[in-house]
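Colleague: My structure is below; once you've seen it, I'll send some questions.
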Amino acid sequence: MADFELVTDGLRFPEGPVFMPDGSIALVEIEPGRITRVRPDGSKETIAEPGGGPNGLALGPGGMLYCCNNGGFDWHENNGMLAPGGIAANYSGGRIERIDPATGTVEVLYKSGDFGCVLRGPNDLVFDDHGGFWFTDHGKMDHAKRIHDVVGIFYAKADGSHLEEVVFPSNNPNGCGLSPDGQWLYAAETYTCRLMKFRVTAPGKVDTAAGVGGAGIPVYRPAGWKFFDSLAVEASGNVCVATIGESGISVVSPDGDLVEFVATDDIFTTNICFGGDDMRDAYLTLSGTGRLVKTRWNRPGLKLAY
């Protein structure tokens, strides 16, 4: 196990860490519907309270935060471990929100039905170099009600002028990221525990005939009791996928080889982001136990578009 430093604890299922220009970390707390800033000294302050289920978070144009809001989960807590369940009784609908970190103002940029798109549970997003962003819709699942959404991967413009479902269907995609040259979109499927890639042919477009099954090309799938969550990309092109179950970070090469597995002590290890002057400070959300931790990574992370 790597040498982890505790940044802060007491969070309620944190995800979506973003390294901010001032060295703080902005993240979501899904259960209370809150966006939180964590200072380097571990102190916390609320940025905004959009409600629902804020899930993925990214820094975008103008220093604004963009949030994938899944509309809300049901929750279970046992022995100090918090876990999401089915659809919240007060499910408020999937949406993309734009948040001003200075004022806490929350604007719904896209909601289900806009541009003819159905948004059930937007999960994670990544900006490209063209002023747009890709995001996954993880959908909703409720075993008791025999519900399991068929979902997709979307592309949207940051100004609210365009939303399009580019990949459909997709098997409950979760984390997403772009290769250093922007030519490949990666998406991690949770329940199949597959890392997929899609060849980007233009902003918001992928090669629909890239693989035998269509646009998606399988890259890596591990053995064992594992599920994939969010991801981040290294400057080298390796993909670091948060891995639930046999918990940790699976580092996968673009060719599909397991470079290393960095173990953690929380079954719900959900996200990783990079920061620092050399991009080797890695921040991980250990969501079940409500912690944000930090470690020195073996290789630098990829600098994001914003």
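Residue numbering restarts at 1 in every chain; chains get A, B, ... in the order shown in the structure tokens, and ligands count up from 1 in that same order.
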Taking 5 positions as the minimum chain separation for residues in the same chain, which residues sit within 12 Å of Lys145 of chain A when counting only C-alpha atoms? Answer as a PDB file with N, CA and C atoms, in the first residue's frame.

Modeller:
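Done, and the output landed in around.pdb:
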ATOM      1  N   GLY A  86     -30.240   2.447  -4.168  1.00  0.00           N
ATOM      2  CA  GLY A  86     -31.079   2.638  -5.340  1.00  0.00           C
ATOM      3  C   GLY A  86     -31.411   4.098  -5.586  1.00  0.00           C
ATOM      4  N   ILE A  87     -32.524   4.333  -6.256  1.00  0.00           N
ATOM      5  CA  ILE A  87     -32.956   5.678  -6.614  1.00  0.00           C
ATOM      6  C   ILE A  87     -33.547   6.377  -5.394  1.00  0.00           C
ATOM      7  N   LYS A 140     -29.599   4.903 -13.606  1.00  0.00           N
ATOM      8  CA  LYS A 140     -30.120   4.533 -12.299  1.00  0.00           C
ATOM      9  C   LYS A 140     -30.446   3.046 -12.270  1.00  0.00           C
TER      10      LYS A 140
END

Colleague: Output as a tab-separated table one row per residue of segment 80-131 of chain A within 10 Å of segment 226-243 of chain A: the closest atom pair and its distance in Å to one decimal place, counting only C-alpha atoms, sorted by chain and residue number ascending.

Modeller:
residue	atom	partner	partner_atom	distance
A:Asn123	CA	A:Ser230	CA	8.8
A:Asp124	CA	A:Ser230	CA	7.2
A:Leu125	CA	A:Ser230	CA	9.7
A:Val126	CA	A:Ala232	CA	9.6

Colleague: Write out as a VMD selection string each polymer residue whose atoms come within 8 Å of Asp149 of chain A, counting only C-alpha atoms; drop sequence neighbours fewer than 6 positions from it.

Modeller: chain A and resid 120 139 to 141 172

Colleague: Need the shell around Val167 of chain A: protein/DNA/RNA residues with any atom at most 9 Å away, counting only C-alpha atoms. Skip same-chain ones fewer than 2 positions apart. Format as a PDB file with N, CA and C atoms, in the first residue's frame?

Modeller:
ATOM      1  N   VAL A 151     -27.995   3.463 -20.926  1.00  0.00           N
ATOM      2  CA  VAL A 151     -27.503   4.841 -20.912  1.00  0.00           C
ATOM      3  C   VAL A 151     -26.434   5.065 -21.978  1.00  0.00           C
ATOM      4  N   GLY A 152     -25.836   6.288 -21.982  1.00  0.00           N
ATOM      5  CA  GLY A 152     -24.879   6.628 -23.020  1.00  0.00           C
ATOM      6  C   GLY A 152     -23.811   7.599 -22.559  1.00  0.00           C
ATOM      7  N   ILE A 153     -23.038   8.073 -23.537  1.00  0.00           N
ATOM      8  CA  ILE A 153     -21.975   9.046 -23.317  1.00  0.00           C
ATOM      9  C   ILE A 153     -22.278  10.271 -24.175  1.00  0.00           C
ATOM     10  N   PHE A 154     -22.134  11.456 -23.588  1.00  0.00           N
ATOM     11  CA  PHE A 154     -22.598  12.692 -24.200  1.00  0.00           C
ATOM     12  C   PHE A 154     -21.447  13.665 -24.455  1.00  0.00           C
ATOM     13  N   GLU A 165     -26.119  13.111 -27.427  1.00  0.00           N
ATOM     14  CA  GLU A 165     -25.738  11.761 -27.023  1.00  0.00           C
ATOM     15  C   GLU A 165     -24.938  11.150 -28.167  1.00  0.00           C
ATOM     16  N   PRO A 169     -25.821   2.282 -27.072  1.00  0.00           N
ATOM     17  CA  PRO A 169     -25.825   2.242 -25.612  1.00  0.00           C
ATOM     18  C   PRO A 169     -24.410   2.094 -25.058  1.00  0.00           C
ATOM     19  N   SER A 170     -24.305   2.330 -23.748  1.00  0.00           N
ATOM     20  CA  SER A 170     -23.060   2.089 -23.027  1.00  0.00           C
ATOM     21  C   SER A 170     -23.415   1.418 -21.711  1.00  0.00           C
ATOM     22  N   VAL A 206     -17.070  10.539 -32.507  1.00  0.00           N
ATOM     23  CA  VAL A 206     -16.202   9.365 -32.414  1.00  0.00           C
ATOM     24  C   VAL A 206     -16.419   8.476 -33.626  1.00  0.00           C
ATOM     25  N   THR A 208     -17.687   5.556 -35.208  1.00  0.00           N
ATOM     26  CA  THR A 208     -18.751   4.628 -34.819  1.00  0.00           C
ATOM     27  C   THR A 208     -18.498   3.193 -35.274  1.00  0.00           C
ATOM     28  N   ALA A 215     -18.533   1.663 -31.701  1.00  0.00           N
ATOM     29  CA  ALA A 215     -17.551   2.699 -31.395  1.00  0.00           C
ATOM     30  C   ALA A 215     -16.564   2.293 -30.311  1.00  0.00           C
ATOM     31  N   GLY A 216     -17.012   1.506 -29.342  1.00  0.00           N
ATOM     32  CA  GLY A 216     -16.176   1.208 -28.186  1.00  0.00           C
ATOM     33  C   GLY A 216     -15.206   0.064 -28.413  1.00  0.00           C
TER      34      GLY A 216
END

Colleague: So that I can check the secondary structure, give me every residue of segment 52-88 of chain A assigned strand (DSSP E or B) by backbone DSSP, as a list in words.

Modeller: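 Output for segment 52-88 of chain A, strand (DSSP E or B) only: Pro54, Asn55, Gly56, Leu57, Ala58, Leu59, Leu65, Tyr66, Cys67, Cys68, Asn69, Phe73, Asp74, Trp75, His76, Glu77, Asn78, Met81, Leu82, Ala83, Pro84, Gly85, Gly86 and Ile87 of chain A.
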
Colleague: Using DSSP on the backbone, list every residue of segment 34-232 of chain A that comes out as helix (DSSP H, G or I), and give them as an MDAnalysis selection string.

Modeller: chainID A and resid 61:63 114:116 143:145

Colleague: Kindly give the distance, in Å, that separates atom CA of Ala156 of chain A and atom CA of Gly131 of chain A, rounded to a single decimal.

Modeller: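 So the answer is 9.0 Å.
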
Colleague: Pick the closest to Gly113 of chain A from A:Leu82, A:Gly93, A:Ala188, A:Pro180: which is it, counting only C-alpha atoms?

Modeller: A:Gly93

Colleague: As an MDAnalysis selection string, please: the residues near Leu163 of chain A (cut-off 9 Å, only C-alpha atoms, same-chain neighbours under 5 positions excluded).

Modeller: chainID A and resid 110 114:117 154:157

Colleague: Would you put the residues from that selection into a file with N, CA and C atoms, as a tab-separated table (two decimals), in the first residue's frame?

Modeller:
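File written: selection_31.tsv
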chain	number	residue	atom	x	y	z
A	110	TYR	N	-27.79	22.09	-18.36
A	110	TYR	CA	-28.57	21.14	-19.16
A	110	TYR	C	-29.38	20.26	-18.22
A	114	ASP	N	-33.50	18.44	-22.66
A	114	ASP	CA	-32.87	19.45	-23.50
A	114	ASP	C	-32.23	18.79	-24.73
A	115	PHE	N	-32.43	19.40	-25.88
A	115	PHE	CA	-31.88	18.91	-27.15
A	115	PHE	C	-32.31	17.47	-27.43
A	116	GLY	N	-33.44	17.07	-26.86
A	116	GLY	CA	-33.97	15.72	-27.08
A	116	GLY	C	-33.23	14.63	-26.34
A	117	CYS	N	-32.40	14.98	-25.36
A	117	CYS	CA	-31.59	14.00	-24.64
A	117	CYS	C	-32.22	13.63	-23.30
A	154	PHE	N	-22.13	11.46	-23.59
A	154	PHE	CA	-22.60	12.69	-24.20
A	154	PHE	C	-21.45	13.67	-24.46
A	155	TYR	N	-21.73	14.62	-25.35
A	155	TYR	CA	-20.83	15.75	-25.57
A	155	TYR	C	-21.66	17.02	-25.47
A	156	ALA	N	-21.10	18.02	-24.81
A	156	ALA	CA	-21.82	19.28	-24.63
A	156	ALA	C	-20.86	20.45	-24.75
A	157	LYS	N	-21.41	21.60	-25.12
A	157	LYS	CA	-20.63	22.83	-25.14
A	157	LYS	C	-20.79	23.54	-23.80

Colleague: Could you check which of A:Cys176, A:Leu195, A:Val118, A:Ile96 is closest to Trp134 of chain A, using only C-alpha atoms?

Modeller: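 Under the stated criterion, the closest residue is A:Cys176.
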
Colleague: Using only C-alpha atoms, which residues sit within 12 Å of segment 300-304 of chain A once same-chain residues fewer than 3 positions away are excluded, as a short mmCIF file (atom, residue, chain, number, x, y, z; two decimals) with N, CA and C atoms, in the first residue's frame?

Modeller:
data_model
loop_
_atom_site.label_atom_id
_atom_site.label_comp_id
_atom_site.auth_asym_id
_atom_site.auth_seq_id
_atom_site.Cartn_x
_atom_site.Cartn_y
_atom_site.Cartn_z
N VAL A 18 -11.09 18.06 -7.57
CA VAL A 18 -10.53 18.97 -8.57
C VAL A 18 -9.43 19.79 -7.90
N PHE A 19 -8.23 19.75 -8.46
CA PHE A 19 -7.14 20.57 -7.93
C PHE A 19 -7.35 22.00 -8.41
N MET A 20 -7.54 22.92 -7.48
CA MET A 20 -7.86 24.30 -7.80
C MET A 20 -6.60 25.16 -7.90
N ALA A 58 -15.61 19.27 -12.53
CA ALA A 58 -14.47 19.68 -13.34
C ALA A 58 -14.39 21.19 -13.39
N LEU A 59 -13.18 21.70 -13.50
CA LEU A 59 -12.96 23.13 -13.69
C LEU A 59 -13.07 23.43 -15.18
N GLY A 60 -13.85 24.48 -15.51
CA GLY A 60 -14.09 24.82 -16.91
C GLY A 60 -13.76 26.26 -17.22
N PRO A 61 -14.25 26.76 -18.35
CA PRO A 61 -13.97 28.13 -18.78
C PRO A 61 -14.38 29.16 -17.72
N LEU A 125 -17.17 13.95 -16.00
CA LEU A 125 -16.97 14.77 -17.19
C LEU A 125 -15.51 15.15 -17.35
N VAL A 126 -15.15 15.46 -18.61
CA VAL A 126 -13.79 15.92 -18.93
C VAL A 126 -13.87 16.93 -20.07
N PHE A 127 -13.16 18.04 -19.93
CA PHE A 127 -13.13 19.06 -20.97
C PHE A 127 -12.07 18.74 -22.01
N ASP A 128 -12.38 19.09 -23.27
CA ASP A 128 -11.38 18.99 -24.33
C ASP A 128 -10.78 20.37 -24.58
N ASP A 129 -9.98 20.50 -25.63
CA ASP A 129 -9.33 21.77 -25.95
C ASP A 129 -10.17 22.65 -26.87
N PHE A 133 -17.17 19.54 -23.49
CA PHE A 133 -16.84 18.48 -22.55
C PHE A 133 -17.63 17.22 -22.84
N GLY A 177 -12.09 10.19 -19.47
CA GLY A 177 -10.90 11.01 -19.63
C GLY A 177 -10.43 10.97 -21.06
N LEU A 178 -9.52 11.88 -21.39
CA LEU A 178 -8.98 11.98 -22.74
C LEU A 178 -7.49 11.66 -22.74
N SER A 179 -7.02 11.06 -23.82
CA SER A 179 -5.59 10.80 -23.98
C SER A 179 -4.85 12.12 -24.12
N PRO A 180 -3.53 12.14 -23.87
CA PRO A 180 -2.78 13.40 -23.95
C PRO A 180 -2.93 14.13 -25.28
N ASP A 181 -3.06 13.39 -26.39
CA ASP A 181 -3.22 14.03 -27.70
C ASP A 181 -4.67 14.30 -28.05
N GLY A 182 -5.59 13.95 -27.17
CA GLY A 182 -7.01 14.20 -27.39
C GLY A 182 -7.66 13.29 -28.42
N LEU A 231 -11.80 7.96 -13.17
CA LEU A 231 -10.44 7.77 -13.67
C LEU A 231 -9.75 9.11 -13.90
N ALA A 232 -8.43 9.04 -14.02
CA ALA A 232 -7.61 10.17 -14.43
C ALA A 232 -6.50 9.63 -15.31
N VAL A 233 -5.95 10.49 -16.15
CA VAL A 233 -4.93 10.07 -17.12
C VAL A 233 -3.58 10.66 -16.72
N GLU A 234 -2.54 9.86 -16.86
CA GLU A 234 -1.18 10.33 -16.61
C GLU A 234 -0.64 11.04 -17.85
N ALA A 235 0.40 11.86 -17.67
CA ALA A 235 1.03 12.54 -18.80
C ALA A 235 1.59 11.54 -19.80
N SER A 236 1.94 10.35 -19.32
CA SER A 236 2.46 9.29 -20.18
C SER A 236 1.39 8.63 -21.04
N GLY A 237 0.12 8.86 -20.69
CA GLY A 237 -0.99 8.22 -21.39
C GLY A 237 -1.60 7.06 -20.62
N ASN A 238 -0.96 6.62 -19.53
CA ASN A 238 -1.58 5.58 -18.71
C ASN A 238 -2.89 6.08 -18.13
N VAL A 239 -3.82 5.17 -17.92
CA VAL A 239 -5.13 5.51 -17.36
C VAL A 239 -5.22 4.93 -15.95
N CYS A 240 -5.50 5.80 -14.98
CA CYS A 240 -5.58 5.42 -13.57
C CYS A 240 -7.05 5.30 -13.20
N VAL A 251 -3.67 1.06 -12.67
CA VAL A 251 -2.99 1.87 -13.67
C VAL A 251 -2.81 1.02 -14.92
N ILE A 272 -9.51 9.79 -8.39
CA ILE A 272 -8.14 10.26 -8.26
C ILE A 272 -7.98 11.51 -9.13
N CYS A 273 -7.25 12.49 -8.62
CA CYS A 273 -6.88 13.64 -9.44
C CYS A 273 -5.44 14.02 -9.14
N PHE A 274 -4.83 14.78 -10.03
CA PHE A 274 -3.43 15.16 -9.89
C PHE A 274 -3.28 16.67 -9.75
N GLY A 275 -2.22 17.08 -9.04
CA GLY A 275 -1.93 18.50 -8.88
C GLY A 275 -0.50 18.70 -8.43
N GLY A 276 -0.20 19.92 -8.01
CA GLY A 276 1.15 20.25 -7.60
C GLY A 276 1.98 20.76 -8.76
N ASP A 277 3.13 21.35 -8.45
CA ASP A 277 3.99 21.93 -9.48
C ASP A 277 4.46 20.90 -10.50
N ASP A 278 4.71 19.67 -10.04
CA ASP A 278 5.19 18.63 -10.95
C ASP A 278 4.10 17.63 -11.32
N MET A 279 2.87 17.89 -10.91
CA MET A 279 1.71 17.04 -11.22
C MET A 279 1.87 15.62 -10.68
N ARG A 280 2.64 15.48 -9.61
CA ARG A 280 2.81 14.15 -9.00
C ARG A 280 2.13 14.03 -7.64
N ASP A 281 1.42 15.07 -7.24
CA ASP A 281 0.59 14.96 -6.04
C ASP A 281 -0.74 14.34 -6.45
N ALA A 282 -1.02 13.16 -5.94
CA ALA A 282 -2.27 12.46 -6.27
C ALA A 282 -3.22 12.54 -5.09
N TYR A 283 -4.44 12.95 -5.36
CA TYR A 283 -5.48 13.04 -4.34
C TYR A 283 -6.54 11.97 -4.63
N THR A 295 -1.00 11.36 -1.86
CA THR A 295 0.24 10.59 -1.94
C THR A 295 1.07 11.12 -3.09
N ARG A 296 2.35 10.79 -3.08
CA ARG A 296 3.23 11.11 -4.20
C ARG A 296 3.13 9.98 -5.22
N TRP A 297 2.77 10.35 -6.45
CA TRP A 297 2.56 9.35 -7.51
C TRP A 297 3.88 9.06 -8.21
#

Colleague: Tell me, in Å to one decimal, how far atom CA of Ala48 of chain A is from atom CA of Asn174 of chain A.

Modeller: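 Going from atom CA of Ala48 of chain A over to atom CA of Asn174 of chain A covers 23.2 Å.
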
Colleague: Considering only C-alpha atoms, state which residue in the set A:Arg12, A:Lys111, A:Arg199, A:Lys44 is at the smallest distance from Thr285 of chain A.

Modeller: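 Among A:Arg12, A:Lys111, A:Arg199, A:Lys44, it is A:Arg12 that comes nearest to Thr285 of chain A.
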
Colleague: Tell me which protein, DNA and RNA residues are within 7 Å of Val200 of chain A, counting only C-alpha atoms, leaving out same-chain ones fewer than 4 positions away, and put them as an MDAnalysis selection string.

Modeller: chainID A and resid 183:185 205:207

Colleague: Keeping only N, CA and C atoms, write the selected residues as a compact mmCIF listing (two decimals), in the first residue's frame.

Modeller:
# COMPACT_ATOMS: atom_id res chain seq x y z
N GLN A 183 -6.94 12.29 -28.90
CA GLN A 183 -7.48 11.44 -29.97
C GLN A 183 -8.27 10.24 -29.45
N TRP A 184 -8.21 9.99 -28.15
CA TRP A 184 -8.95 8.86 -27.58
C TRP A 184 -9.72 9.32 -26.35
N LEU A 185 -10.98 8.92 -26.29
CA LEU A 185 -11.82 9.11 -25.12
C LEU A 185 -11.87 7.79 -24.36
N LYS A 205 -17.30 14.01 -31.65
CA LYS A 205 -17.59 12.91 -32.57
C LYS A 205 -16.60 11.77 -32.34
N VAL A 206 -17.07 10.54 -32.51
CA VAL A 206 -16.20 9.36 -32.41
C VAL A 206 -16.42 8.48 -33.63
N ASP A 207 -15.44 7.62 -33.88
CA ASP A 207 -15.54 6.65 -34.97
C ASP A 207 -16.55 5.58 -34.56

Colleague: So the first atom is atom CA of Tyr91 of chain A and the second is atom CA of Gly290 of chain A; what is the distance between them in Å, to one decimal place?

Modeller: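 Result for atom CA of Tyr91 of chain A versus atom CA of Gly290 of chain A: 22.6 Å, one decimal.
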